[in-house]
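Enquirer: Just one file: model-v6.pdb, with PDB, C-alpha atoms and all ligand atoms.
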MODEL        1
ATOM      1  CA  MET A   1     -12.386 -20.923  10.840
ATOM      2  CA  ILE A   2     -10.578 -18.868   8.209
ATOM      3  CA  SER A   3     -11.800 -19.694   4.688
ATOM      4  CA  ASN A   4      -9.713 -20.492   1.652
ATOM      5  CA  LEU A   5     -11.216 -17.460  -0.085
ATOM      6  CA  PHE A   6      -9.868 -15.261   2.720
ATOM      7  CA  LYS A   7      -6.436 -16.890   2.429
ATOM      8  CA  GLU A   8      -6.316 -16.341  -1.342
ATOM      9  CA  CYS A   9      -7.274 -12.706  -0.893
ATOM     10  CA  LEU A  10      -4.711 -12.278   1.905
ATOM     11  CA  ALA A  11      -1.940 -13.611  -0.362
ATOM     12  CA  ASP A  12      -3.009 -11.137  -3.093
ATOM     13  CA  VAL A  13      -2.919  -8.246  -0.613
ATOM     14  CA  TYR A  14       0.572  -9.296   0.543
ATOM     15  CA  HIS A  15       1.780  -9.374  -3.068
ATOM     16  CA  GLY A  16       0.175  -5.947  -3.491
ATOM     17  CA  GLU A  17       2.360  -4.643  -0.664
ATOM     18  CA  VAL A  18       5.462  -6.166  -2.276
ATOM     19  CA  THR A  19       4.483  -4.493  -5.583
ATOM     20  CA  GLY A  20       3.958  -1.157  -3.820
ATOM     21  CA  GLU A  21       7.201  -1.328  -1.870
ATOM     22  CA  THR A  22       9.181  -2.014  -5.049
ATOM     23  CA  ALA A  23       7.344   0.740  -6.941
ATOM     24  CA  PHE A  24       7.869   3.452  -4.309
ATOM     25  CA  GLY A  25      11.430   2.295  -3.602
ATOM     26  CA  ASN A  26      12.143   2.688  -7.301
ATOM     27  CA  MET A  27      10.493   6.128  -7.274
ATOM     28  CA  LEU A  28      12.723   7.468  -4.474
ATOM     29  CA  GLY A  29      15.505   8.421  -6.904
ATOM     30  CA  SER A  30      13.112  10.610  -8.912
ATOM     31  CA  ALA A  31      12.319  12.988  -6.014
ATOM     32  CA  GLU A  32      13.217  16.584  -6.853
ATOM     33  CA  SER A  33      12.806  18.218  -3.431
ATOM     34  CA  ALA A  34      12.776  17.422   0.294
ATOM     35  CA  ASP A  35       8.967  17.452   0.194
ATOM     36  CA  GLN A  36       8.855  14.943  -2.662
ATOM     37  CA  SER A  37      11.427  12.731  -0.886
ATOM     38  CA  TYR A  38       9.268  12.801   2.247
ATOM     39  CA  ILE A  39       6.097  11.861   0.332
ATOM     40  CA  ILE A  40       7.677   9.006  -1.620
ATOM     41  CA  GLY A  41       9.629   7.861   1.455
ATOM     42  CA  THR A  42       6.402   7.838   3.488
ATOM     43  CA  LEU A  43       4.752   5.671   0.818
ATOM     44  CA  PHE A  44       7.756   3.335   0.766
ATOM     45  CA  GLN A  45       7.573   2.999   4.554
ATOM     46  CA  PHE A  46       3.790   2.424   4.334
ATOM     47  CA  GLU A  47       4.226  -0.576   2.036
ATOM     48  CA  THR A  48       7.081  -2.023   4.120
ATOM     49  CA  GLU A  49       4.948  -1.761   7.256
ATOM     50  CA  GLY A  50       2.018  -3.303   5.347
ATOM     51  CA  LYS A  51       4.148  -6.371   4.670
ATOM     52  CA  THR A  52       5.241  -6.745   8.287
ATOM     53  CA  ILE A  53       1.677  -6.329   9.587
ATOM     54  CA  LEU A  54       0.506  -9.148   7.288
ATOM     55  CA  ARG A  55       3.289 -11.674   7.879
ATOM     56  CA  PRO A  56       2.157 -13.120  11.247
ATOM     57  CA  LEU A  57      -1.356 -13.649   9.848
ATOM     58  CA  LEU A  58       0.001 -15.217   6.643
ATOM     59  CA  ALA A  59       2.081 -17.599   8.746
ATOM     60  CA  ARG A  60      -0.884 -18.482  10.966
ATOM     61  CA  CYS A  61      -2.922 -19.231   7.821
ATOM     62  CA  GLY A  62      -0.168 -21.562   6.595
ATOM     63  CA  LEU A  63       0.722 -19.212   3.718
ATOM     64  CA  SER A  64       4.240 -18.455   2.528
ATOM     65  CA  ILE A  65       5.729 -15.079   3.424
ATOM     66  CA  GLN A  66       8.143 -15.386   0.525
ATOM     67  CA  GLU A  67       8.079 -12.309  -1.684
ATOM     68  CA  ASP A  68       6.966 -12.864  -5.219
ATOM     69  CA  ASP A  69       9.389 -11.949  -8.055
ATOM     70  CA  GLU A  70       6.460 -11.246 -10.346
ATOM     71  CA  ALA A  71       4.984  -8.764  -7.825
ATOM     72  CA  ARG A  72       8.353  -6.992  -7.664
ATOM     73  CA  ALA A  73       8.680  -6.897 -11.452
ATOM     74  CA  GLY A  74       5.155  -5.443 -11.737
ATOM     75  CA  GLY A  75       6.028  -2.730  -9.218
ATOM     76  CA  LYS A  76       9.217  -1.816 -11.039
ATOM     77  CA  ALA A  77       7.470  -1.592 -14.414
ATOM     78  CA  ALA A  78       4.594   0.508 -13.038
ATOM     79  CA  SER A  79       6.943   2.936 -11.285
ATOM     80  CA  GLU A  80       9.052   3.387 -14.395
ATOM     81  CA  GLN A  81       5.986   4.454 -16.347
ATOM     82  CA  MET A  82       4.965   6.788 -13.524
ATOM     83  CA  ASN A  83       8.437   8.272 -13.061
ATOM     84  CA  ALA A  84       8.203   9.521 -16.653
ATOM     85  CA  LEU A  85       5.156  11.651 -15.743
ATOM     86  CA  PRO A  86       5.185  15.112 -14.113
ATOM     87  CA  TRP A  87       4.641  14.999 -10.319
ATOM     88  CA  SER A  88       0.915  15.756 -10.163
ATOM     89  CA  GLN A  89       0.048  13.561 -13.177
ATOM     90  CA  ARG A  90       1.977  10.728 -11.599
ATOM     91  CA  PHE A  91      -0.372  10.757  -8.633
ATOM     92  CA  ALA A  92      -3.451  11.117 -10.833
ATOM     93  CA  ALA A  93      -2.276   7.917 -12.566
ATOM     94  CA  LEU A  94      -1.552   6.241  -9.216
ATOM     95  CA  HIS A  95      -5.014   7.160  -7.940
ATOM     96  CA  ASP A  96      -6.683   5.536 -10.950
ATOM     97  CA  LEU A  97      -4.428   2.469 -10.818
ATOM     98  CA  VAL A  98      -5.077   1.849  -7.116
ATOM     99  CA  LYS A  99      -8.799   2.479  -7.399
ATOM    100  CA  ALA A 100      -9.241   0.087 -10.335
ATOM    101  CA  ASN A 101      -6.701  -2.643  -9.572
ATOM    102  CA  PHE A 102      -5.982  -2.772  -5.837
ATOM    103  CA  LEU A 103      -8.728  -1.182  -3.718
ATOM    104  CA  PRO A 104     -11.498  -3.696  -4.605
ATOM    105  CA  ARG A 105      -9.347  -6.676  -3.574
ATOM    106  CA  TYR A 106      -8.133  -4.923  -0.389
ATOM    107  CA  GLU A 107     -11.705  -4.102   0.622
ATOM    108  CA  GLU A 108     -12.846  -7.620  -0.190
ATOM    109  CA  LEU A 109     -10.511  -8.981   2.505
ATOM    110  CA  ALA A 110     -12.656  -7.523   5.309
ATOM    111  CA  ALA A 111     -15.792  -9.004   3.714
ATOM    112  CA  LEU A 112     -14.269 -12.499   3.798
ATOM    113  CA  VAL A 113     -13.814 -12.722   7.576
ATOM    114  CA  SER A 114     -15.868 -11.716  10.615
ATOM    115  CA  ALA A 115     -14.778 -10.694  14.114
ATOM    116  CA  GLU A 116     -16.706 -13.673  15.548
ATOM    117  CA  GLU A 117     -14.794 -16.000  13.276
ATOM    118  CA  ASP A 118     -11.329 -14.539  13.943
ATOM    119  CA  PRO A 119     -10.979 -11.149  15.677
ATOM    120  CA  GLU A 120      -7.297 -10.649  14.785
ATOM    121  CA  ALA A 121      -7.797 -11.508  11.097
ATOM    122  CA  ALA A 122     -10.850  -9.218  10.972
ATOM    123  CA  ARG A 123      -8.874  -6.360  12.555
ATOM    124  CA  ILE A 124      -6.009  -6.695  10.063
ATOM    125  CA  ALA A 125      -8.416  -7.040   7.128
ATOM    126  CA  ALA A 126     -10.216  -3.821   8.113
ATOM    127  CA  PHE A 127      -6.874  -2.070   8.561
ATOM    128  CA  MET A 128      -5.721  -3.039   5.052
ATOM    129  CA  GLY A 129      -8.857  -1.468   3.571
ATOM    130  CA  GLU A 130      -8.094   1.700   5.521
ATOM    131  CA  HIS A 131      -4.457   1.464   4.349
ATOM    132  CA  GLU A 132      -5.453   1.385   0.688
ATOM    133  CA  ARG A 133      -7.988   4.218   1.066
ATOM    134  CA  ALA A 134      -5.248   6.372   2.668
ATOM    135  CA  LEU A 135      -3.120   5.844  -0.439
ATOM    136  CA  LEU A 136      -6.014   7.118  -2.577
ATOM    137  CA  GLU A 137      -6.442  10.091  -0.263
ATOM    138  CA  LEU A 138      -2.749  11.008  -0.523
ATOM    139  CA  SER A 139      -2.947  10.831  -4.332
ATOM    140  CA  ALA A 140      -6.083  12.980  -4.454
ATOM    141  CA  ASN A 141      -4.437  15.508  -2.088
ATOM    142  CA  ILE A 142      -1.444  15.889  -4.402
ATOM    143  CA  VAL A 143      -3.666  16.386  -7.438
ATOM    144  CA  ALA A 144      -5.747  18.975  -5.515
ATOM    145  CA  GLY A 145      -2.683  20.771  -4.084
ATOM    146  CA  THR A 146      -3.727  20.109  -0.461
ATOM    147  CA  PRO A 147      -1.021  21.037   2.119
ATOM    148  CA  ASP A 148       0.773  18.090   3.780
ATOM    149  CA  PRO A 149      -0.729  15.633   1.269
ATOM    150  CA  ALA A 150       0.905  12.597   2.923
ATOM    151  CA  ALA A 151      -0.869  13.177   6.277
ATOM    152  CA  PRO A 152      -3.504  10.397   5.832
ATOM    153  CA  VAL A 153      -0.736   7.850   5.165
ATOM    154  CA  ALA A 154       1.648   9.137   7.864
ATOM    155  CA  ALA A 155      -1.209   8.878  10.407
ATOM    156  CA  LEU A 156      -1.316   5.094   9.886
ATOM    157  CA  LEU A 157       2.442   4.523  10.180
ATOM    158  CA  HIS A 158       3.997   2.961  13.270
ATOM    159  CA  HIS A 159       7.398   4.368  12.270
ATOM    160  CA  PRO A 160       6.771   7.645  10.401
ATOM    161  CA  LEU A 161       9.610   9.549   8.719
ATOM    162  CA  PRO A 162      10.555  13.028   9.949
ATOM    163  CA  GLN A 163       8.742  15.821   8.105
ATOM    164  CA  PRO A 164      11.029  18.133   6.101
ATOM    165  CA  GLY A 165      11.709  21.714   7.204
TER     166      GLY A 165
HETATM  167 FE    FE B 201      -0.143  -0.911   0.274
ENDMDL
END
Let me see whether you can do it: turn the structure in this file into structure tokens.
Expert:
Amino acid sequence: MISNLFKECLADVYHGEVTGETAFGNMLGSAESADQSYIIGTLFQFETEGKTILRPLLARCGLSIQEDDEARAGGKAASEQMNALPWSQRFAALHDLVKANFLPRYEELAALVSAEEDPEAARIAAFMGEHERALLELSANIVAGTPDPAAPVAALLHHPLPQPG
């Protein structure tokens, strides 16, 4: 039996994906090279896939899959602040934002359901924690100058974008 606490957390995670998709979609225009376009495009794709992965579970839990205007507005505002920063600083800011405001809620989802209770919900909940940690890893890679910084995110995509070059 899926709890109400799980459902509330699931709805927050879905809105988080809507926020992220809007933010990275809005960041696409700021890319200054093929590599930057690939990284931002990969993040945009990651959030879109996050939404589609969650929708069947939301529907099964009786939750709306409607996208929240407030989540979109939050994503647009956050990306506008970040677009004003130089490339590496933008990802340092993203790292801190995700770690403080999104990761705890995403990781909580897996703690609110067990595989005995609902194997599919538990699988998706664990995946969303992994999803959010990959976003942190990408951000840390950019700050550190690691080659192919988007690799941890691209590895979780079902429909990855072609790498430049
Ligand atoms: Fe996400």
Enquirer: Grab me every residue within 10 Å of ligand FE 201 (chain B), counting only C-alpha atoms and all ligand atoms, and send it over as a PyMOL selection string.
Expert: chain A and resi 13-21+43-51+98+102-103+106+128-135
Enquirer: Step by step, work through what the PyMOL selection byres (((chain A and resi 110-118) around 9) and not hetatm) selects in the shown file, and finish by giving those residues as an MDAnalysis selection string.
Expert: chainID A and resid 1:3 5:6 9 106:109 119:129
Enquirer: Using only C-alpha atoms, which protein or nucleic acid residues come within 10 Å of Asp96 of chain A? Drop anything in the same chain fewer than 5 positions from it, and give the result as a PDB file with C-alpha atoms, keeping the file's coordinate frame.
Expert:
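Resulting contents of around.pdb:
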ATOM      1  CA  PHE A  91      -0.372  10.757  -8.633  1.00  0.00           C
ATOM      2  CA  ASN A 101      -6.701  -2.643  -9.572  1.00  0.00           C
ATOM      3  CA  PHE A 102      -5.982  -2.772  -5.837  1.00  0.00           C
ATOM      4  CA  LEU A 136      -6.014   7.118  -2.577  1.00  0.00           C
ATOM      5  CA  SER A 139      -2.947  10.831  -4.332  1.00  0.00           C
ATOM      6  CA  ALA A 140      -6.083  12.980  -4.454  1.00  0.00           C
TER       7      ALA A 140
END
Enquirer: To one decimal place in Å, what is the distance between atom CA of Val153 of chain A and atom CA of Ser30 of chain A?
Expert: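 Pair atom CA of Val153 of chain A / atom CA of Ser30 of chain A returns 19.9 Å.
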Enquirer: Run the PyMOL selection byres (((chain A and resi 60) around 12) and not hetatm) mentally over the shown coordinates, then write out the matched residues as a PyMOL selection string, using the chain letters and numbers from the document.
Expert: chain A and resi 1-2+7+10+54-59+61-65+118+120-121
Enquirer: Between atom CA of Ala77 of chain A and atom CA of Ala92 of chain A, what distance in Å does the model show, to one decimal?
Expert: 17.1 Å
Enquirer: Expanded to explicit residues, what is the PyMOL selection byres (((chain A and resi 35-41) around 9) and not hetatm) for this file, as a list in words?
Expert: Phe24, Gly25, Met27, Leu28, Gly29, Ser30, Ala31, Glu32, Ser33, Ala34, Thr42, Leu43, Phe44, Gln45, Phe46, Trp87, Leu138, Asp148, Pro149, Ala150, Leu161, Pro162, Gln163, Pro164 and Gly165 of chain A
Enquirer: Could you check how far atom CA of Pro86 of chain A sits from atom CA of Lys99 of chain A, in Å to one decimal?
Expert: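 Rounded to one decimal, the two atoms are 20.0 Å apart.
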Enquirer: Measuring atom to atom with all atoms listed in the file, identify which of A:Ala151, A:Leu97, A:Ala23, A:Ala11 is nearest to Ala73 of chain A.
Expert: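 Smallest distance to Ala73 of chain A is found for A:Ala23.
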